[in-house]
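What follows is a single structure, written as structure tokens, with notes after it.
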Amino acid sequence: MEDKGEVKCIKFSLENKILAVQRTSKTVDFSNFIPDSSQLEYTQECKTKNANILGFCWTSSTEIVFITDQGIEFYQVLPEKRNLKLLKSQNINVNWYMYCPEGAVILLSTTVLGNVLQPFYFRAGTMSKLPKFEIELPAAPKSTKLSLSERDIAMATIYGQLYVLFLRHHSRTSNSTGAEVVLYHLPREGACKKMHILKLNRTGKFALNVVDNLVVVHHQDTETSVIFDIKLRGEFDGTVTFHHPVLPARSIQPYQIPVAGPAPVTSQSPIPCKLYSSSWIVFQPDIIISASQGYLWNLQVKLQPIVNLLPDKGRLMDFLLQRKECKMVILSVCSQMLSESDRATLPVIATVFDKLNHEYKKYLDAEQSYTTAVEAGPSRCSPLLKRPVRTQAVVDQSDMYTHVLSVFTEKKVGDGASSQRSYLQGTEESSRTPNVI
């Protein structure tokens with residue numbers, strides 16, 4: 001690529017066939033990376049007079065949005081003709097913007113204070129303006145200057161729903177100290193609504209990630225992170241639900257940077273990576289970049305260590321059942337509950353088995369409904385009907401016997417009989433539904 005000056009922004013299209021490069025505040029340059037296609041650059045200038053381009057976002061392999069300080073411009077890129085076609089534009093004063101690729105939603109910060117957010121939704125060549133909403137600031141601003149920073153806002157999909165996350169450094173209530181994260185639900189239809197508040201109970205510098213539908217909040221001063229799960233029961237005040245961390249604060253697992261070089265040099269000890277560095281940059285949903293050391297990580301949550309950190313087995317099971325890779329951890333919890341050294345009481349065992357059987361029955365019912373709809377024929381079958389996905393939260397009798405209850409049969413442990421009866425009583429209702437697995 002020819003050097004034409006400083007690059008402000010550079011992004012490939014979704015299929016990596018077109019490269020867009022912004023070098024000035026007025027234009028974006030494009031290059032095709034398509035076989036048998038010219039790689040000569042072509043340029044698009046923003047249409048709005050006197051506007052400055054703040055950035056751009058690809059919404060599909062051939063559709064792009066320019067965000068300017070005076071609005072947004074939605075274009076179709078025509079690589080074979082080496083030009084762009086304006087599909088739609090909207091004039092609005094913009095302070096900063098944010099894009100969520102998962103939801104295909106662009107969020108624009110508007111007004112003097114910056115706390116009125118205007119979302120736009122993009123799909124298949126269309127741009128839809130969603131209802132704007134206001135972020136509640138911690139207190140009335142003392143001056144008429146920008147009060148809501150892009151650093152304190154994130155967008156993420158949690159349990160299939162799009163949320164705007166606002167890091168409020170000071171609580172609005174006088175009897176509460178410390179920062180909090182406020183979650184606004186942003187639906188495709190209808191107004192955005194404040195739904196959840198995550199209580200951090202500390203102040204300082206924070207960063208947010210979303211991993212496996214969990215909100216992970218990093219705290220730089222203490223070099224720890226806390227996890228929130230909005231599916232777990234919280235404190236509802238009639239308007240919003242307040243949540244506290246699922247677990248005590250823990251640090252991210254240390255990482256050792258290998259020493260590169262010839263063999264004699266690589267025998268040296270790896271260099272510890274500085275965790276919670278001031279040079280860290282966080283991207284949604286799960287990316288952490290160390291700008292000073294040149295490393296990029298994907299954050300993950302390990303489930304097995306959580307088993308011993310959450311003593312309430314019922315709450316632990318509620319937590320695990322929502323995770324992607326949960327089955328073997330759940331079965332290990334069941335084995336632990338029935339072991340001689342760490343045996344739980346029968347009411348606790350019954351509670352855990354009831355939760356597992358509830359998930360199992362829910363899957364069987366969904367599978368039966370799908371089968372019935374398909375057998376009814378295309379005329380009565382909805383085109384949106386999809387076969388239910390069997391997640392790892394579905395633990396059936398075979399799983400339970402193979403990994404948990406068979407131990408008692410092999411060892412002829414008499415005390416396991418009560419636990420087996422507890423499980424079988426719970427599955428009795430489920431077994432009335434035909435097992436179509």
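In the structure tokens, chains take the letters A, B, ... in the order shown, each chain's residues start at 1, and ligands count up from 1 in the order shown.
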- Show which residues sit within 8 Å of A:Val181, as number ranges by chain. Count only C-alpha atoms, and ignore same-chain residues fewer than 3 positions away. A: 165-168, 197-200
Requested in this report: Find the residues near A:Leu303: any atom within 8 Å, counting only C-alpha atoms, skip ones fewer than 2 places away on the same chain, and give them as a PyMOL selection string.
Outcome: chain A and resi 301+305-307+320+326+329
Residues just named, written with N, CA and C atoms as a PDB file, in the first residue's frame:
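The resulting file, result10.pdb, is reproduced below:
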ATOM      1  N   VAL A 301     -13.371 -17.514  31.403  1.00  0.00           N
ATOM      2  CA  VAL A 301     -13.726 -17.796  32.794  1.00  0.00           C
ATOM      3  C   VAL A 301     -13.623 -19.301  33.018  1.00  0.00           C
ATOM      4  N   PRO A 305     -12.633 -23.980  39.198  1.00  0.00           N
ATOM      5  CA  PRO A 305     -12.251 -23.348  40.471  1.00  0.00           C
ATOM      6  C   PRO A 305     -13.413 -22.670  41.196  1.00  0.00           C
ATOM      7  N   ILE A 306     -14.460 -22.308  40.442  1.00  0.00           N
ATOM      8  CA  ILE A 306     -15.598 -21.610  41.051  1.00  0.00           C
ATOM      9  C   ILE A 306     -16.361 -22.531  41.995  1.00  0.00           C
ATOM     10  N   VAL A 307     -16.277 -23.836  41.759  1.00  0.00           N
ATOM     11  CA  VAL A 307     -17.023 -24.811  42.567  1.00  0.00           C
ATOM     12  C   VAL A 307     -16.714 -24.636  44.049  1.00  0.00           C
ATOM     13  N   LEU A 320     -23.873 -22.343  37.069  1.00  0.00           N
ATOM     14  CA  LEU A 320     -23.248 -23.260  36.113  1.00  0.00           C
ATOM     15  C   LEU A 320     -24.173 -23.600  34.954  1.00  0.00           C
ATOM     16  N   CYS A 326     -20.433 -26.422  30.647  1.00  0.00           N
ATOM     17  CA  CYS A 326     -20.776 -26.646  32.054  1.00  0.00           C
ATOM     18  C   CYS A 326     -20.980 -28.110  32.441  1.00  0.00           C
ATOM     19  N   VAL A 329     -18.427 -30.042  34.688  1.00  0.00           N
ATOM     20  CA  VAL A 329     -18.290 -29.374  35.992  1.00  0.00           C
ATOM     21  C   VAL A 329     -19.516 -29.673  36.849  1.00  0.00           C
TER      22      VAL A 329
END
Nearest to A:Pro119, restricted to only C-alpha atoms and choosing among A:Asp396, A:Glu189, A:Asp237, A:Asp365, comes out as A:Glu189
List as an NGL selection string the protein and nucleic acid residues near A:Asp399, meaning an atom at most 12 Å away when only C-alpha atoms are counted, but skip any in the same chain fewer than 3 places from it. :A and (327-328 or 330-332 or 334-335 or 356 or 360 or 392-396 or 402-406)
query = Given the choices A:Lys17, A:Lys145, A:Lys11, A:Lys26, which gets closest to A:Trp58 if the distance is worked out from only C-alpha atoms?
reply =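 The answer is A:Lys11, which sits nearest to A:Trp58.
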Nearest to A:Leu186, restricted to only C-alpha atoms and choosing among A:Ile153, A:Ala207, A:Val105, A:Leu338, comes out as A:Val105
#### Entry: Selected residue of minimal separation from A:Phe242 among A:Lys194, A:Arg151, A:His358, A:Lys88, counting only C-alpha atoms
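For A:Phe242, the nearest of the candidates is A:Lys194.
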- Message: What's around A:Ser25 at 12 Å? Count only C-alpha atoms, leave out sequence neighbours fewer than 2 positions away in its own chain, and write the answer as a ChimeraX atom specification.
- Response: /A:6-9,21-23,27-29,44-46,50-56,66-69
Please write the residues from the selection above to a file, keeping N, CA and C atoms, as a CSV table (one decimal), in the first residue's frame.
chain,number,residue,atom,x,y,z
A,6,GLU,N,-0.4,9.9,7.3
A,6,GLU,CA,-0.8,9.3,8.5
A,6,GLU,C,-2.2,8.6,8.3
A,7,VAL,N,-2.3,7.4,8.9
A,7,VAL,CA,-3.5,6.6,8.8
A,7,VAL,C,-4.3,6.8,10.1
A,8,LYS,N,-5.5,7.4,10.1
A,8,LYS,CA,-6.3,7.6,11.2
A,8,LYS,C,-7.1,6.3,11.6
A,9,CYS,N,-7.6,5.6,10.6
A,9,CYS,CA,-8.4,4.4,10.8
A,9,CYS,C,-8.2,3.5,9.6
A,21,VAL,N,-9.5,2.9,4.3
A,21,VAL,CA,-8.4,3.6,5.0
A,21,VAL,C,-8.8,5.1,5.1
A,22,GLN,N,-8.9,5.6,6.4
A,22,GLN,CA,-9.1,7.0,6.6
A,22,GLN,C,-7.8,7.8,6.9
A,23,ARG,N,-7.4,8.7,6.0
A,23,ARG,CA,-6.2,9.5,6.3
A,23,ARG,C,-6.5,10.9,6.6
A,27,THR,N,-12.3,12.4,3.9
A,27,THR,CA,-12.4,11.3,2.9
A,27,THR,C,-12.0,9.9,3.5
A,28,VAL,N,-12.5,8.8,2.8
A,28,VAL,CA,-12.0,7.5,3.1
A,28,VAL,C,-11.6,6.8,1.8
A,29,ASP,N,-10.5,6.2,1.8
A,29,ASP,CA,-10.0,5.5,0.6
A,29,ASP,C,-10.3,4.0,0.6
A,44,GLN,N,-14.0,8.2,-1.3
A,44,GLN,CA,-15.4,8.7,-1.0
A,44,GLN,C,-15.2,9.8,0.0
A,45,GLU,N,-15.8,11.0,-0.4
A,45,GLU,CA,-15.8,12.1,0.5
A,45,GLU,C,-17.1,12.2,1.2
A,46,CYS,N,-17.1,12.6,2.5
A,46,CYS,CA,-18.4,12.7,3.2
A,46,CYS,C,-19.3,13.8,2.5
A,50,ASN,N,-18.9,20.8,5.4
A,50,ASN,CA,-18.1,21.2,6.6
A,50,ASN,C,-18.1,20.2,7.7
A,51,ALA,N,-18.5,18.9,7.4
A,51,ALA,CA,-18.5,17.9,8.4
A,51,ALA,C,-17.1,17.2,8.5
A,52,ASN,N,-16.8,16.7,9.6
A,52,ASN,CA,-15.5,15.9,9.8
A,52,ASN,C,-15.8,14.5,10.1
A,53,ILE,N,-15.1,13.6,9.5
A,53,ILE,CA,-15.4,12.2,9.7
A,53,ILE,C,-14.7,11.7,11.0
A,54,LEU,N,-15.5,11.2,12.0
A,54,LEU,CA,-15.0,10.8,13.3
A,54,LEU,C,-14.5,9.3,13.1
A,55,GLY,N,-15.1,8.6,12.2
A,55,GLY,CA,-14.7,7.2,12.0
A,55,GLY,C,-15.7,6.5,11.0
A,56,PHE,N,-15.5,5.2,10.9
A,56,PHE,CA,-16.4,4.5,10.0
A,56,PHE,C,-16.6,3.0,10.5
A,66,PHE,N,-20.3,6.0,7.5
A,66,PHE,CA,-19.4,7.1,7.9
A,66,PHE,C,-20.1,7.8,9.1
A,67,ILE,N,-19.4,8.0,10.2
A,67,ILE,CA,-19.9,8.8,11.3
A,67,ILE,C,-19.1,10.1,11.3
A,68,THR,N,-19.9,11.2,11.2
A,68,THR,CA,-19.2,12.5,11.2
A,68,THR,C,-19.7,13.3,12.4
A,69,ASP,N,-19.2,14.4,12.6
A,69,ASP,CA,-19.6,15.3,13.8
A,69,ASP,C,-20.9,15.9,13.5
So that I can see what lies close to A:Val226, please list as a list in words the residues with an atom at most 9 Å from it, counting only C-alpha atoms and leaving out residues fewer than 4 positions away in the same chain.
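Near neighbours after the sequence-gap exclusion: Leu200, Val215, Val216, Val217, His218, His219, Pro245, Val246, Leu247, Pro248, Ala249, Arg250 and Ser251 of chain A.
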*Among stretch 191-326 of chain A, which residues carry a DSSP assignment of strand (DSSP E or B), reported as number ranges by chain?*
A: 193-199, 206-211, 214-219, 224-228, 235-236, 241-243, 250, 256-257, 271-272, 280-283, 287-290, 295-298
